[in-house]
2 protein chains.
Amino acid sequence: MSTEPRHPGSGTAPTSGRAKPSPDVETSPSTGDRAAADPPGFELPLRLFLAFRVLIDELHAELARQGHPDVRPMHGFVMQAIGTRGTTAAELGRRLGVSKQAAGKTIDTLERIGYVERGTDANDARRKIVRLTERGVDSLVRSAHIFDNLRARWADTLGEDRLRALESDLRLVTPPDFFHLDVPGWFGGYQ
Amino acid sequence: MSTEPRHPGSGTAPTSGRAKPSPDVETSPSTGDRAAADPPGFELPLRLFLAFRVLIDELHAELARQGHPDVRPMHGFVMQAIGTRGTTAAELGRRLGVSKQAAGKTIDTLERIGYVERGTDANDARRKIVRLTERGVDSLVRSAHIFDNLRARWADTLGEDRLRALESDLRLVTPPDFFHLDVPGWFGGYQ
DNA sequence: TATAATCGACAATGTGGTTGTCTATATAGT
DNA sequence: ACTATATAGACAACCACATTGTCGATTATA
């Protein structure tokens, strides 16, 4: 059906594909006993994810335009978790909910592309403090601006009060813990 | 840019949101020129993702209780994309935005755990039609029920009107295409 | 009929996660 | 002070899941 060519994982995903609206699958094979006007239950999680995707994709498209083409969604998230005060691989792993080895690998990548640097801890010879470089901070500053602009665009679309209500509602149904998303193998499964 | 403003939603009375968690990094080191009470721009995407996570995690916890402990988030999504009419690996790959090889592997998994089965196409000897088994359909039926229950719980928390407003708002800022999430290597990057 | 396109399979590869093991360093208990 | 235990980070092996490239079989088309 969708004759559009695929875009592999690299590069910033488009999201503006405007493909087919209706997928071929019935809402629910045999649960037509719900209130008629309600949307299918699985629309809500999908919309939440799509909304997330839209924001992240547009962020990185704009970030690429502003001189940060190599930053991946994961990187920005990790740099947020590193913070301006810096941290260690083990601590970062705990914060993100991944092993310290995985955190270390991501730090390797960020170091290689120049967004973090490793230093030593004067008080603990074991620890190596990971700190954002100037470039790393710059990417976060620009991300903040871009997110603000995206939010403003949503405010134009939805109205400021509706957007605030949306944010408020999301806070009510989500855990207060910000990081610790456990993104790793969460979506996939045992093959 | 995939979000064009349509019509500003008729305002629902906003309720006061709770305090922001404030992770380790400053919102924006030099963007204090926004309205002061606004949340940091990156909270919105994170909340969207967390909300998605909450729904999917609870779905699968309940699904496991109801006799489907092996279904992973990806599986349910893929089965929705397969649909009751069945499809082929190549078509499924296009629909999901992944390669036909990746789609084929996921189909292998679903076949192994008994949720789909492969048949032949009488009209085209190349194609192998993938269809949901009875067990596969059962998992989708239960998923629909569980999603409905989860939605009802959110309606209790937020109020039915607020929830409808949330869904409506999400529709305004997301592309109409349901599937085609390009989940694959999207989050990660080049190491 | 010759040529092109498509399906499904196989192989090789890359990314990103895991566990396990190792050394060096810090810290707590005796 | 000395020893036991815990922790940081590095290295290796492995696994999960995606990618591209290729290939034979089959269908569609010029």
# chains A, B, ... in the order shown; residues from 1 in each chain; ligands from 1

$ interface_residues --of "chain C" --to "chain B" --cutoff "9 Å" --atoms "only C-alpha atoms (C1' of nucleotides)" --output "list in words"
DT6, DC7, DG8, DA9, DG14, DT15 and DG16 of chain C

$ residues_around --residues "range 18-24 of chain C" --least-positions-apart "2" --cutoff "10 Å" --atoms "only C-alpha atoms (C1' of nucleotides)" --output "list in words"
Val98, Ser99, Gln101, Ala102, Ala125, Arg126 and Gly185 of chain A; DG16 and DA26 of chain C; DA8, DG9, DA10, DC11, DA12, DA13, DC14, DC15 and DA16 of chain D

$ residues_around --residues "DA12 in chain C" --least-positions-apart "5" --cutoff "12 Å" --atoms "only C-alpha atoms (C1' of nucleotides)" --output "list in words"
DT19, DT20, DG21 and DT22 of chain D

$ interface_residues --of "chain D" --to "chain B" --cutoff "10 Å" --atoms "only C-alpha atoms (C1' of nucleotides)" --output "list in words"
DC17, DA18, DT19, DT20, DA25, DT26 and DT27 of chain D

$ write_last_selection --atoms "C-alpha atoms (C1' of nucleotides)" --output "compact mmCIF listing (two decimals), in the first residue's frame"
# COMPACT_ATOMS: atom_id res chain seq x y z
C1' DC D 17 17.24 -6.58 16.61
C1' DA D 18 17.79 -3.79 13.08
C1' DT D 19 20.33 -2.89 8.52
C1' DT D 20 22.07 -3.86 3.46
C1' DA D 25 11.57 -18.54 -7.59
C1' DT D 26 7.61 -16.45 -9.36
C1' DT D 27 4.73 -12.95 -11.42

$ closest_residue --among "B:Leu92, B:Val141, B:Leu132, B:Ser168" --to "chain A" --atoms "only C-alpha atoms"
B:Val141

$ residues_around --residues "Glu167 in chain B" --least-positions-apart "5" --cutoff "10 Å" --atoms "only C-alpha atoms (C1' of nucleotides)" --output "list in words"
Pro39, Glu43, Leu44, Pro45, Arg47, Leu48 and Leu166 of chain A; Asp161, Arg162 and Leu172 of chain B

$ write_last_selection --atoms "C-alpha atoms" --output "JSON list (two decimals), in the first residue's frame"
[["chain", "number", "residue", "atom", "x", "y", "z"],
["A", 39, "PRO", "CA", -12.17, 6.04, 20.20],
["A", 43, "GLU", "CA", -5.53, 5.02, 19.89],
["A", 44, "LEU", "CA", -4.53, 6.85, 23.03],
["A", 45, "PRO", "CA", -1.17, 5.16, 23.59],
["A", 47, "ARG", "CA", -1.18, 9.08, 19.83],
["A", 48, "LEU", "CA", 0.96, 9.64, 22.89],
["A", 166, "LEU", "CA", -2.68, 18.61, 28.63],
["B", 161, "ASP", "CA", -14.23, 15.61, 29.22],
["B", 162, "ARG", "CA", -10.60, 16.30, 29.98],
["B", 172, "LEU", "CA", -4.31, 17.81, 16.23]]

$ atom_distance --atom1 "CA of Ala81 in chain A" --atom2 "CA of Arg53 in chain A"
19.5 Å

$ atom_distance --atom1 "CA of Leu163 in chain B" --atom2 "CA of Leu150 in chain A"
22.3 Å

$ closest_residue --among "A:Arg94, A:Ile107, A:Arg118, A:Gly83" --to "chain B" --atoms "only C-alpha atoms"
A:Gly83

$ select_by_dssp --residues "range 31-190 of chain A" --states "strand (DSSP E)" --output "list of chain:residue names"
A:Val116, A:Glu117, A:Arg118, A:Gly119, A:Thr120, A:Asp121, A:Asp124, A:Ala125, A:Arg126, A:Arg127, A:Lys128, A:Ile129, A:Val130, A:Arg131, A:Leu132

$ write_last_selection --atoms "C-alpha atoms" --output "PDB file, in the first residue's frame"
ATOM      1  CA  VAL A 116      31.380  15.197  26.809  1.00  0.00           C
ATOM      2  CA  GLU A 117      34.831  14.803  28.276  1.00  0.00           C
ATOM      3  CA  ARG A 118      36.143  12.636  31.049  1.00  0.00           C
ATOM      4  CA  GLY A 119      38.064  14.039  33.964  1.00  0.00           C
ATOM      5  CA  THR A 120      39.298  12.644  37.225  1.00  0.00           C
ATOM      6  CA  ASP A 121      37.859  13.053  40.670  1.00  0.00           C
ATOM      7  CA  ASP A 124      38.220   9.428  44.534  1.00  0.00           C
ATOM      8  CA  ALA A 125      40.802   7.976  42.189  1.00  0.00           C
ATOM      9  CA  ARG A 126      38.363   5.363  40.971  1.00  0.00           C
ATOM     10  CA  ARG A 127      35.810   7.794  39.633  1.00  0.00           C
ATOM     11  CA  LYS A 128      36.037   9.465  36.265  1.00  0.00           C
ATOM     12  CA  ILE A 129      33.768  12.431  36.082  1.00  0.00           C
ATOM     13  CA  VAL A 130      31.956  12.887  32.808  1.00  0.00           C
ATOM     14  CA  ARG A 131      31.259  16.510  32.021  1.00  0.00           C
ATOM     15  CA  LEU A 132      29.563  18.242  29.128  1.00  0.00           C
TER      16      LEU A 132
END

$ residues_around --residues "DA4 in chain D" --least-positions-apart "4" --cutoff "12 Å" --atoms "only C-alpha atoms (C1' of nucleotides)" --output "number ranges by chain"
C: 27-30

$ write_last_selection --atoms "N, CA and C atoms (P, O5', C5', C4', C3', O3' and C1' of nucleotides)" --output "mmCIF file, in the first residue's frame"
data_model
loop_
_atom_site.group_PDB
_atom_site.id
_atom_site.type_symbol
_atom_site.label_atom_id
_atom_site.label_comp_id
_atom_site.auth_asym_id
_atom_site.auth_seq_id
_atom_site.Cartn_x
_atom_site.Cartn_y
_atom_site.Cartn_z
ATOM 1 P P DT C 27 36.053 6.938 50.605
ATOM 2 O "O5'" DT C 27 35.468 5.803 51.536
ATOM 3 C "C5'" DT C 27 34.416 4.979 51.039
ATOM 4 C "C4'" DT C 27 34.120 3.858 52.017
ATOM 5 C "C3'" DT C 27 34.147 4.263 53.502
ATOM 6 O "O3'" DT C 27 33.016 3.683 54.129
ATOM 7 C "C1'" DT C 27 35.457 2.365 53.167
ATOM 8 P P DA C 28 32.511 4.195 55.553
ATOM 9 O "O5'" DA C 28 32.148 2.825 56.289
ATOM 10 C "C5'" DA C 28 31.698 1.727 55.489
ATOM 11 C "C4'" DA C 28 31.887 0.414 56.235
ATOM 12 C "C3'" DA C 28 31.759 0.540 57.758
ATOM 13 O "O3'" DA C 28 31.118 -0.630 58.258
ATOM 14 C "C1'" DA C 28 33.928 -0.229 57.217
ATOM 15 P P DG C 29 30.768 -0.756 59.803
ATOM 16 O "O5'" DG C 29 31.616 -2.037 60.273
ATOM 17 C "C5'" DG C 29 31.919 -3.042 59.288
ATOM 18 C "C4'" DG C 29 32.735 -4.160 59.905
ATOM 19 C "C3'" DG C 29 32.630 -4.298 61.426
ATOM 20 O "O3'" DG C 29 32.870 -5.658 61.764
ATOM 21 C "C1'" DG C 29 34.821 -3.628 60.864
ATOM 22 P P DT C 30 32.609 -6.176 63.242
ATOM 23 O "O5'" DT C 30 34.062 -6.593 63.763
ATOM 24 C "C5'" DT C 30 34.816 -7.542 63.004
ATOM 25 C "C4'" DT C 30 36.270 -7.516 63.437
ATOM 26 C "C3'" DT C 30 36.476 -7.576 64.950
ATOM 27 O "O3'" DT C 30 37.270 -8.713 65.264
ATOM 28 C "C1'" DT C 30 37.829 -5.888 63.966
#
